[in-house]
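Enquirer: Structure file structure.pdb (PDB, N, CA and C atoms) is given on the next line.
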ATOM      1  N   ILE A 887     113.705 -53.491  55.373
ATOM      2  CA  ILE A 887     112.413 -52.965  55.790
ATOM      3  C   ILE A 887     112.408 -52.928  57.313
ATOM      4  N   PRO A 888     112.343 -51.768  57.902
ATOM      5  CA  PRO A 888     112.360 -51.694  59.360
ATOM      6  C   PRO A 888     111.117 -52.331  59.963
ATOM      7  N   LEU A 889     111.336 -53.121  61.000
ATOM      8  CA  LEU A 889     110.223 -53.755  61.682
ATOM      9  C   LEU A 889     109.436 -52.759  62.514
ATOM     10  N   ARG A 890     110.080 -51.708  62.987
ATOM     11  CA  ARG A 890     109.412 -50.800  63.911
ATOM     12  C   ARG A 890     108.270 -50.039  63.238
ATOM     13  N   LEU A 891     108.188 -50.056  61.939
ATOM     14  CA  LEU A 891     107.094 -49.386  61.251
ATOM     15  C   LEU A 891     105.793 -50.170  61.340
ATOM     16  N   VAL A 892     105.871 -51.413  61.778
ATOM     17  CA  VAL A 892     104.681 -52.245  61.893
ATOM     18  C   VAL A 892     104.084 -52.010  63.277
ATOM     19  N   GLY A 893     102.764 -51.814  63.350
ATOM     20  CA  GLY A 893     102.121 -51.398  64.580
ATOM     21  C   GLY A 893     102.068 -52.409  65.697
ATOM     22  N   SER A 894     101.694 -53.637  65.457
ATOM     23  CA  SER A 894     101.469 -54.567  66.557
ATOM     24  C   SER A 894     102.598 -55.572  66.676
ATOM     25  N   GLU A 895     102.745 -56.122  67.888
ATOM     26  CA  GLU A 895     103.774 -57.125  68.130
ATOM     27  C   GLU A 895     103.555 -58.363  67.278
ATOM     28  N   MET A 896     102.301 -58.770  67.101
ATOM     29  CA  MET A 896     102.027 -59.958  66.293
ATOM     30  C   MET A 896     102.536 -59.747  64.876
ATOM     31  N   CYS A 897     102.351 -58.556  64.340
ATOM     32  CA  CYS A 897     102.847 -58.284  62.988
ATOM     33  C   CYS A 897     104.366 -58.372  62.919
ATOM     34  N   ILE A 898     105.040 -57.907  63.949
ATOM     35  CA  ILE A 898     106.499 -57.979  63.968
ATOM     36  C   ILE A 898     106.936 -59.441  63.965
ATOM     37  N   ARG A 899     106.314 -60.255  64.812
ATOM     38  CA  ARG A 899     106.665 -61.680  64.842
ATOM     39  C   ARG A 899     106.403 -62.319  63.484
ATOM     40  N   ASP A 900     105.268 -61.988  62.882
ATOM     41  CA  ASP A 900     104.947 -62.541  61.567
ATOM     42  C   ASP A 900     105.961 -62.114  60.523
ATOM     43  N   ARG A 901     106.407 -60.866  60.602
ATOM     44  CA  ARG A 901     107.382 -60.382  59.614
ATOM     45  C   ARG A 901     108.735 -61.044  59.788
ATOM     46  N   VAL A 902     109.164 -61.249  61.024
ATOM     47  CA  VAL A 902     110.429 -61.955  61.265
ATOM     48  C   VAL A 902     110.338 -63.369  60.706
ATOM     49  N   LYS A 903     109.242 -64.061  61.007
ATOM     50  CA  LYS A 903     109.040 -65.429  60.516
ATOM     51  C   LYS A 903     109.066 -65.465  58.991
ATOM     52  N   SER A 904     108.270 -64.614  58.371
ATOM     53  CA  SER A 904     108.170 -64.589  56.913
ATOM     54  C   SER A 904     109.511 -64.240  56.270
ATOM     55  N   PHE A 905     110.195 -63.252  56.831
ATOM     56  CA  PHE A 905     111.481 -62.814  56.292
ATOM     57  C   PHE A 905     112.504 -63.943  56.340
ATOM     58  N   LEU A 906     112.643 -64.584  57.504
ATOM     59  CA  LEU A 906     113.641 -65.650  57.626
ATOM     60  C   LEU A 906     113.284 -66.852  56.763
ATOM     61  N   GLU A 907     112.010 -67.194  56.692
ATOM     62  CA  GLU A 907     111.622 -68.341  55.859
ATOM     63  C   GLU A 907     111.815 -68.048  54.376
ATOM     64  N   THR A 908     111.741 -66.783  53.978
ATOM     65  CA  THR A 908     112.019 -66.413  52.594
ATOM     66  C   THR A 908     113.519 -66.485  52.310
ATOM     67  N   LYS A 909     114.322 -65.988  53.245
ATOM     68  CA  LYS A 909     115.778 -65.988  53.061
ATOM     69  C   LYS A 909     116.385 -67.377  53.200
ATOM     70  N   LEU A 910     115.763 -68.216  54.025
ATOM     71  CA  LEU A 910     116.273 -69.564  54.288
ATOM     72  C   LEU A 910     115.146 -70.560  54.026
ATOM     73  N   PRO A 911     114.911 -70.899  52.759
ATOM     74  CA  PRO A 911     113.716 -71.670  52.386
ATOM     75  C   PRO A 911     113.584 -73.044  53.034
ATOM     76  N   ASP A 912     114.684 -73.645  53.471
ATOM     77  CA  ASP A 912     114.574 -74.977  54.093
ATOM     78  C   ASP A 912     114.330 -74.894  55.602
ATOM     79  N   VAL A 913     114.136 -73.680  56.125
ATOM     80  CA  VAL A 913     113.998 -73.473  57.564
ATOM     81  C   VAL A 913     112.555 -73.127  57.918
ATOM     82  N   GLN A 914     112.005 -73.854  58.883
ATOM     83  CA  GLN A 914     110.717 -73.494  59.477
ATOM     84  C   GLN A 914     111.042 -72.633  60.691
ATOM     85  N   VAL A 915     110.377 -71.493  60.822
ATOM     86  CA  VAL A 915     110.665 -70.558  61.905
ATOM     87  C   VAL A 915     109.426 -70.389  62.770
ATOM     88  N   GLU A 916     109.600 -70.552  64.070
ATOM     89  CA  GLU A 916     108.551 -70.262  65.045
ATOM     90  C   GLU A 916     109.083 -69.130  65.915
ATOM     91  N   VAL A 917     108.310 -68.060  66.053
ATOM     92  CA  VAL A 917     108.759 -66.869  66.766
ATOM     93  C   VAL A 917     107.856 -66.620  67.967
ATOM     94  N   ASP A 918     108.471 -66.464  69.118
ATOM     95  CA  ASP A 918     107.769 -66.048  70.330
ATOM     96  C   ASP A 918     108.429 -64.776  70.824
ATOM     97  N   GLY A 919     107.694 -64.012  71.606
ATOM     98  CA  GLY A 919     108.275 -62.822  72.195
ATOM     99  C   GLY A 919     107.335 -61.653  72.109
ATOM    100  N   GLU A 920     107.794 -60.551  72.656
ATOM    101  CA  GLU A 920     106.994 -59.335  72.639
ATOM    102  C   GLU A 920     107.918 -58.139  72.514
ATOM    103  N   GLY A 921     107.341 -57.032  72.118
ATOM    104  CA  GLY A 921     108.151 -55.840  71.925
ATOM    105  C   GLY A 921     109.228 -56.102  70.900
ATOM    106  N   CYS A 922     110.472 -55.890  71.289
ATOM    107  CA  CYS A 922     111.588 -56.112  70.364
ATOM    108  C   CYS A 922     112.503 -57.236  70.860
ATOM    109  N   ASN A 923     111.965 -58.121  71.705
ATOM    110  CA  ASN A 923     112.711 -59.266  72.234
ATOM    111  C   ASN A 923     112.064 -60.551  71.739
ATOM    112  N   PHE A 924     112.862 -61.398  71.102
ATOM    113  CA  PHE A 924     112.302 -62.575  70.454
ATOM    114  C   PHE A 924     113.051 -63.852  70.802
ATOM    115  N   GLN A 925     112.293 -64.944  70.854
ATOM    116  CA  GLN A 925     112.824 -66.303  70.935
ATOM    117  C   GLN A 925     112.517 -66.941  69.581
ATOM    118  N   LEU A 926     113.539 -67.393  68.889
ATOM    119  CA  LEU A 926     113.360 -68.063  67.610
ATOM    120  C   LEU A 926     113.596 -69.557  67.782
ATOM    121  N   ASN A 927     112.639 -70.357  67.355
ATOM    122  CA  ASN A 927     112.826 -71.794  67.216
ATOM    123  C   ASN A 927     113.003 -72.043  65.729
ATOM    124  N   LEU A 928     114.168 -72.535  65.353
ATOM    125  CA  LEU A 928     114.514 -72.716  63.951
ATOM    126  C   LEU A 928     114.624 -74.207  63.664
ATOM    127  N   ILE A 929     113.759 -74.673  62.774
ATOM    128  CA  ILE A 929     113.663 -76.094  62.482
ATOM    129  C   ILE A 929     114.228 -76.344  61.090
ATOM    130  N   SER A 930     115.354 -77.062  61.049
ATOM    131  CA  SER A 930     116.023 -77.307  59.773
ATOM    132  C   SER A 930     117.060 -78.403  59.952
ATOM    133  N   ASP A 931     117.005 -79.411  59.108
ATOM    134  CA  ASP A 931     118.027 -80.447  59.159
ATOM    135  C   ASP A 931     119.388 -79.880  58.747
ATOM    136  N   GLU A 932     119.372 -78.964  57.795
ATOM    137  CA  GLU A 932     120.633 -78.363  57.334
ATOM    138  C   GLU A 932     121.299 -77.562  58.450
ATOM    139  N   LEU A 933     120.541 -76.685  59.115
ATOM    140  CA  LEU A 933     121.118 -75.894  60.201
ATOM    141  C   LEU A 933     121.516 -76.769  61.386
ATOM    142  N   ALA A 934     120.730 -77.794  61.663
ATOM    143  CA  ALA A 934     121.035 -78.683  62.791
ATOM    144  C   ALA A 934     122.378 -79.370  62.607
ATOM    145  N   GLY A 935     122.817 -79.530  61.366
ATOM    146  CA  GLY A 935     124.087 -80.176  61.083
ATOM    147  C   GLY A 935     125.297 -79.266  61.204
ATOM    148  N   LEU A 936     125.070 -77.977  61.381
ATOM    149  CA  LEU A 936     126.169 -77.020  61.499
ATOM    150  C   LEU A 936     126.584 -76.844  62.955
ATOM    151  N   SER A 937     127.752 -76.264  63.160
ATOM    152  CA  SER A 937     128.189 -75.941  64.519
ATOM    153  C   SER A 937     127.294 -74.829  65.075
ATOM    154  N   PRO A 938     127.204 -74.719  66.398
ATOM    155  CA  PRO A 938     126.374 -73.657  66.981
ATOM    156  C   PRO A 938     126.742 -72.253  66.480
ATOM    157  N   VAL A 939     128.023 -71.984  66.342
ATOM    158  CA  VAL A 939     128.449 -70.659  65.864
ATOM    159  C   VAL A 939     127.998 -70.425  64.426
ATOM    160  N   LYS A 940     128.182 -71.405  63.560
ATOM    161  CA  LYS A 940     127.772 -71.264  62.151
ATOM    162  C   LYS A 940     126.264 -71.072  62.033
ATOM    163  N   ARG A 941     125.480 -71.784  62.852
ATOM    164  CA  ARG A 941     124.027 -71.631  62.819
ATOM    165  C   ARG A 941     123.636 -70.199  63.160
ATOM    166  N   GLN A 942     124.186 -69.695  64.269
ATOM    167  CA  GLN A 942     123.842 -68.335  64.687
ATOM    168  C   GLN A 942     124.318 -67.301  63.679
ATOM    169  N   GLN A 943     125.473 -67.508  63.097
ATOM    170  CA  GLN A 943     125.977 -66.566  62.094
ATOM    171  C   GLN A 943     125.023 -66.457  60.918
ATOM    172  N   GLN A 944     124.463 -67.582  60.482
ATOM    173  CA  GLN A 944     123.537 -67.544  59.346
ATOM    174  C   GLN A 944     122.297 -66.735  59.665
ATOM    175  N   ILE A 945     121.783 -66.855  60.877
ATOM    176  CA  ILE A 945     120.573 -66.120  61.249
ATOM    177  C   ILE A 945     120.887 -64.649  61.471
ATOM    178  N   TYR A 946     121.941 -64.358  62.234
ATOM    179  CA  TYR A 946     122.295 -62.956  62.488
ATOM    180  C   TYR A 946     122.620 -62.205  61.206
ATOM    181  N   ALA A 947     123.167 -62.874  60.213
ATOM    182  CA  ALA A 947     123.468 -62.209  58.938
ATOM    183  C   ALA A 947     122.219 -61.574  58.345
ATOM    184  N   HIS A 948     121.068 -62.204  58.559
ATOM    185  CA  HIS A 948     119.812 -61.668  58.038
ATOM    186  C   HIS A 948     119.162 -60.670  58.987
ATOM    187  N   LEU A 949     119.364 -60.832  60.283
ATOM    188  CA  LEU A 949     118.697 -59.968  61.266
ATOM    189  C   LEU A 949     119.505 -58.724  61.641
ATOM    190  N   ASN A 950     120.794 -58.690  61.341
ATOM    191  CA  ASN A 950     121.647 -57.586  61.783
ATOM    192  C   ASN A 950     121.132 -56.188  61.441
ATOM    193  N   PRO A 951     120.580 -55.949  60.248
ATOM    194  CA  PRO A 951     120.080 -54.588  59.995
ATOM    195  C   PRO A 951     118.974 -54.181  60.971
ATOM    196  N   TRP A 952     118.100 -55.122  61.340
ATOM    197  CA  TRP A 952     117.010 -54.817  62.266
ATOM    198  C   TRP A 952     117.521 -54.684  63.699
ATOM    199  N   ILE A 953     118.580 -55.414  64.023
ATOM    200  CA  ILE A 953     119.191 -55.267  65.342
ATOM    201  C   ILE A 953     119.879 -53.908  65.415
ATOM    202  N   ALA A 954     120.574 -53.546  64.356
ATOM    203  CA  ALA A 954     121.303 -52.273  64.329
ATOM    204  C   ALA A 954     120.375 -51.069  64.448
ATOM    205  N   ASP A 955     119.182 -51.145  63.859
ATOM    206  CA  ASP A 955     118.294 -49.972  63.932
ATOM    207  C   ASP A 955     117.356 -50.017  65.147
ATOM    208  N   GLY A 956     117.510 -51.040  65.997
ATOM    209  CA  GLY A 956     116.723 -51.116  67.217
ATOM    210  C   GLY A 956     115.374 -51.790  67.077
ATOM    211  N   SER A 957     115.015 -52.224  65.878
ATOM    212  CA  SER A 957     113.736 -52.905  65.690
ATOM    213  C   SER A 957     113.697 -54.210  66.476
ATOM    214  N   ILE A 958     114.850 -54.875  66.528
ATOM    215  CA  ILE A 958     115.004 -56.075  67.344
ATOM    216  C   ILE A 958     116.079 -55.766  68.373
ATOM    217  N   HIS A 959     115.733 -55.961  69.643
ATOM    218  CA  HIS A 959     116.692 -55.663  70.709
ATOM    219  C   HIS A 959     117.441 -56.915  71.158
ATOM    220  N   ALA A 960     116.703 -57.987  71.379
ATOM    221  CA  ALA A 960     117.323 -59.221  71.866
ATOM    222  C   ALA A 960     116.725 -60.415  71.129
ATOM    223  N   VAL A 961     117.595 -61.343  70.775
ATOM    224  CA  VAL A 961     117.168 -62.559  70.080
ATOM    225  C   VAL A 961     117.836 -63.751  70.753
ATOM    226  N   SER A 962     117.023 -64.729  71.109
ATOM    227  CA  SER A 962     117.588 -66.007  71.525
ATOM    228  C   SER A 962     117.128 -67.043  70.516
ATOM    229  N   MET A 963     117.957 -68.035  70.301
ATOM    230  CA  MET A 963     117.678 -69.016  69.256
ATOM    231  C   MET A 963     117.826 -70.429  69.787
ATOM    232  N   LYS A 964     116.926 -71.289  69.351
ATOM    233  CA  LYS A 964     117.033 -72.722  69.578
ATOM    234  C   LYS A 964     116.904 -73.392  68.221
ATOM    235  N   PHE A 965     117.757 -74.352  67.971
ATOM    236  CA  PHE A 965     117.789 -75.040  66.686
ATOM    237  C   PHE A 965     117.355 -76.492  66.862
ATOM    238  N   PHE A 966     116.539 -76.968  65.934
ATOM    239  CA  PHE A 966     116.017 -78.326  65.979
ATOM    240  C   PHE A 966     116.101 -78.964  64.602
ATOM    241  N   SER A 967     116.411 -80.249  64.566
ATOM    242  CA  SER A 967     116.211 -80.989  63.320
ATOM    243  C   SER A 967     114.705 -81.174  63.177
ATOM    244  N   ARG A 968     114.256 -81.534  61.991
ATOM    245  CA  ARG A 968     112.811 -81.753  61.804
ATOM    246  C   ARG A 968     112.309 -82.888  62.690
ATOM    247  N   ALA A 969     113.104 -83.942  62.838
ATOM    248  CA  ALA A 969     112.702 -85.075  63.683
ATOM    249  C   ALA A 969     112.622 -84.660  65.142
ATOM    250  N   ASP A 970     113.599 -83.887  65.609
ATOM    251  CA  ASP A 970     113.580 -83.431  67.002
ATOM    252  C   ASP A 970     112.382 -82.512  67.269
ATOM    253  N   TRP A 971     112.053 -81.655  66.313
ATOM    254  CA  TRP A 971     110.905 -80.755  66.480
ATOM    255  C   TRP A 971     109.608 -81.566  66.541
ATOM    256  N   ALA A 972     109.490 -82.543  65.665
ATOM    257  CA  ALA A 972     108.278 -83.380  65.644
ATOM    258  C   ALA A 972     108.149 -84.186  66.939
ATOM    259  N   ALA A 973     109.256 -84.594  67.509
ATOM    260  CA  ALA A 973     109.228 -85.388  68.742
ATOM    261  C   ALA A 973     108.780 -84.566  69.944
ATOM    262  N   ARG A 974     108.869 -83.245  69.852
ATOM    263  CA  ARG A 974     108.447 -82.381  70.957
ATOM    264  C   ARG A 974     106.936 -82.346  71.102
ATOM    265  N   SER A 975     106.220 -82.557  70.019
ATOM    266  CA  SER A 975     104.753 -82.408  70.034
ATOM    267  C   SER A 975     104.061 -83.592  70.667
TER
END
Starting from the file, lay out its structure as structure tokens.
Expert:
Amino acid sequence: IPLRLVGSEMCIRDRVKSFLETKLPDVQVEVDGEGCNFQLNLISDELAGLSPVKRQQQIYAHLNPWIADGSIHAVSMKFFSRADWAARS
């Protein structure tokens, strides 16, 4: 489902969050950004245990179609265990 068909930036962020949380049920996703540039905060004990390359590969595998069609231009990612995310608050 192309993201660019959604009118507002908030809807795009919501769709990215919802899509990733559906594909990766143990992951909490927080999305910041505007236009087609996003910062993803990914909270998951499972992902936190993987190497940085493996973590990014799992996320890009789901986002690649939207990157390829230009709906998403740039993505930066930060990964947190649930404990590390809770400690930030």
Enquirer: Quick one, how far is atom CA of Gln944 of chain A from atom N of Arg974 of chain A?
Expert: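 If I compute the distance from atom CA of Gln944 of chain A to atom N of Arg974 of chain A, I get 23.9 Å.
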Enquirer: List, as a list in words, every residue that the PyMOL selection byres (((chain A and resi 970 and name CA) around 12) and name CA) selects in the file provided.
Expert: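 This file, filtered by the PyMOL selection byres (((chain A and resi 970 and name CA) around 12) and name CA), leaves Asn927, Leu928, Ile929, Ser930, Asp931, Ala934, Lys964, Phe965, Phe966, Ser967, Arg968, Ala969, Trp971, Ala972, Ala973, Arg974 and Ser975 of chain A.
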Enquirer: Only N, CA and C atoms, please: the residues just picked out, written as an mmCIF file, keeping the file's coordinate frame.
Expert:
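Contents of part25.cif, freshly written:
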data_model
loop_
_atom_site.group_PDB
_atom_site.id
_atom_site.type_symbol
_atom_site.label_atom_id
_atom_site.label_comp_id
_atom_site.auth_asym_id
_atom_site.auth_seq_id
_atom_site.Cartn_x
_atom_site.Cartn_y
_atom_site.Cartn_z
ATOM 1 N N ASN A 927 112.639 -70.357 67.355
ATOM 2 C CA ASN A 927 112.826 -71.794 67.216
ATOM 3 C C ASN A 927 113.003 -72.043 65.729
ATOM 4 N N LEU A 928 114.168 -72.535 65.353
ATOM 5 C CA LEU A 928 114.514 -72.716 63.951
ATOM 6 C C LEU A 928 114.624 -74.207 63.664
ATOM 7 N N ILE A 929 113.759 -74.673 62.774
ATOM 8 C CA ILE A 929 113.663 -76.094 62.482
ATOM 9 C C ILE A 929 114.228 -76.344 61.090
ATOM 10 N N SER A 930 115.354 -77.062 61.049
ATOM 11 C CA SER A 930 116.023 -77.307 59.773
ATOM 12 C C SER A 930 117.060 -78.403 59.952
ATOM 13 N N ASP A 931 117.005 -79.411 59.108
ATOM 14 C CA ASP A 931 118.027 -80.447 59.159
ATOM 15 C C ASP A 931 119.388 -79.880 58.747
ATOM 16 N N ALA A 934 120.730 -77.794 61.663
ATOM 17 C CA ALA A 934 121.035 -78.683 62.791
ATOM 18 C C ALA A 934 122.378 -79.370 62.607
ATOM 19 N N LYS A 964 116.926 -71.289 69.351
ATOM 20 C CA LYS A 964 117.033 -72.722 69.578
ATOM 21 C C LYS A 964 116.904 -73.392 68.221
ATOM 22 N N PHE A 965 117.757 -74.352 67.971
ATOM 23 C CA PHE A 965 117.789 -75.040 66.686
ATOM 24 C C PHE A 965 117.355 -76.492 66.862
ATOM 25 N N PHE A 966 116.539 -76.968 65.934
ATOM 26 C CA PHE A 966 116.017 -78.326 65.979
ATOM 27 C C PHE A 966 116.101 -78.964 64.602
ATOM 28 N N SER A 967 116.411 -80.249 64.566
ATOM 29 C CA SER A 967 116.211 -80.989 63.320
ATOM 30 C C SER A 967 114.705 -81.174 63.177
ATOM 31 N N ARG A 968 114.256 -81.534 61.991
ATOM 32 C CA ARG A 968 112.811 -81.753 61.804
ATOM 33 C C ARG A 968 112.309 -82.888 62.690
ATOM 34 N N ALA A 969 113.104 -83.942 62.838
ATOM 35 C CA ALA A 969 112.702 -85.075 63.683
ATOM 36 C C ALA A 969 112.622 -84.660 65.142
ATOM 37 N N TRP A 971 112.053 -81.655 66.313
ATOM 38 C CA TRP A 971 110.905 -80.755 66.480
ATOM 39 C C TRP A 971 109.608 -81.566 66.541
ATOM 40 N N ALA A 972 109.490 -82.543 65.665
ATOM 41 C CA ALA A 972 108.278 -83.380 65.644
ATOM 42 C C ALA A 972 108.149 -84.186 66.939
ATOM 43 N N ALA A 973 109.256 -84.594 67.509
ATOM 44 C CA ALA A 973 109.228 -85.388 68.742
ATOM 45 C C ALA A 973 108.780 -84.566 69.944
ATOM 46 N N ARG A 974 108.869 -83.245 69.852
ATOM 47 C CA ARG A 974 108.447 -82.381 70.957
ATOM 48 C C ARG A 974 106.936 -82.346 71.102
ATOM 49 N N SER A 975 106.220 -82.557 70.019
ATOM 50 C CA SER A 975 104.753 -82.408 70.034
ATOM 51 C C SER A 975 104.061 -83.592 70.667
#
Enquirer: Would you compute the distance between atom N of Cys897 of chain A and atom N of Gln942 of chain A? Give it in Å to one decimal.
Expert: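 Answer for the atom N of Cys897 of chain A to atom N of Gln942 of chain A separation: 24.5 Å.
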Enquirer: Any chance you could work out the residue set of the PyMOL selection byres ((chain A and resi 916) around 6.5) here, as a list in words?
Expert: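 This file gives the following for the PyMOL selection byres ((chain A and resi 916) around 6.5): Lys903, Gln914, Val915, Val917, Asp918, Gln925, Leu926, Asn927, Leu928 and Ile929 of chain A.
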Enquirer: Between atom N of Val913 of chain A and atom N of Gly956 of chain A, measure the distance and give it in Å to one decimal.
Expert: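 Spanning atom N of Val913 of chain A to atom N of Gly956 of chain A is a straight-line distance of 24.9 Å.
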Enquirer: Can you list, as a VMD selection string, the residues that the PyMOL selection byres (((chain A and resi 959 and name CA) around 6) and name CA) selects here?
Expert: chain A and resid 922 to 923 953 956 958 960
Enquirer: Could the residues in this selection be written to a file with N, CA and C atoms, as a compact mmCIF listing (two decimals), in the frame of the given file?
Expert:
# COMPACT_ATOMS: atom_id res chain seq x y z
N CYS A 922 110.47 -55.89 71.29
CA CYS A 922 111.59 -56.11 70.36
C CYS A 922 112.50 -57.24 70.86
N ASN A 923 111.96 -58.12 71.70
CA ASN A 923 112.71 -59.27 72.23
C ASN A 923 112.06 -60.55 71.74
N ILE A 953 118.58 -55.41 64.02
CA ILE A 953 119.19 -55.27 65.34
C ILE A 953 119.88 -53.91 65.42
N GLY A 956 117.51 -51.04 66.00
CA GLY A 956 116.72 -51.12 67.22
C GLY A 956 115.37 -51.79 67.08
N ILE A 958 114.85 -54.88 66.53
CA ILE A 958 115.00 -56.08 67.34
C ILE A 958 116.08 -55.77 68.37
N ALA A 960 116.70 -57.99 71.38
CA ALA A 960 117.32 -59.22 71.87
C ALA A 960 116.72 -60.42 71.13
Enquirer: Quick one: pick out all strand (DSSP E) residues within segment 907-967 of chain A from a backbone DSSP run and write them as a PyMOL selection string.
Expert: chain A and resi 914-920+923-929+960-966
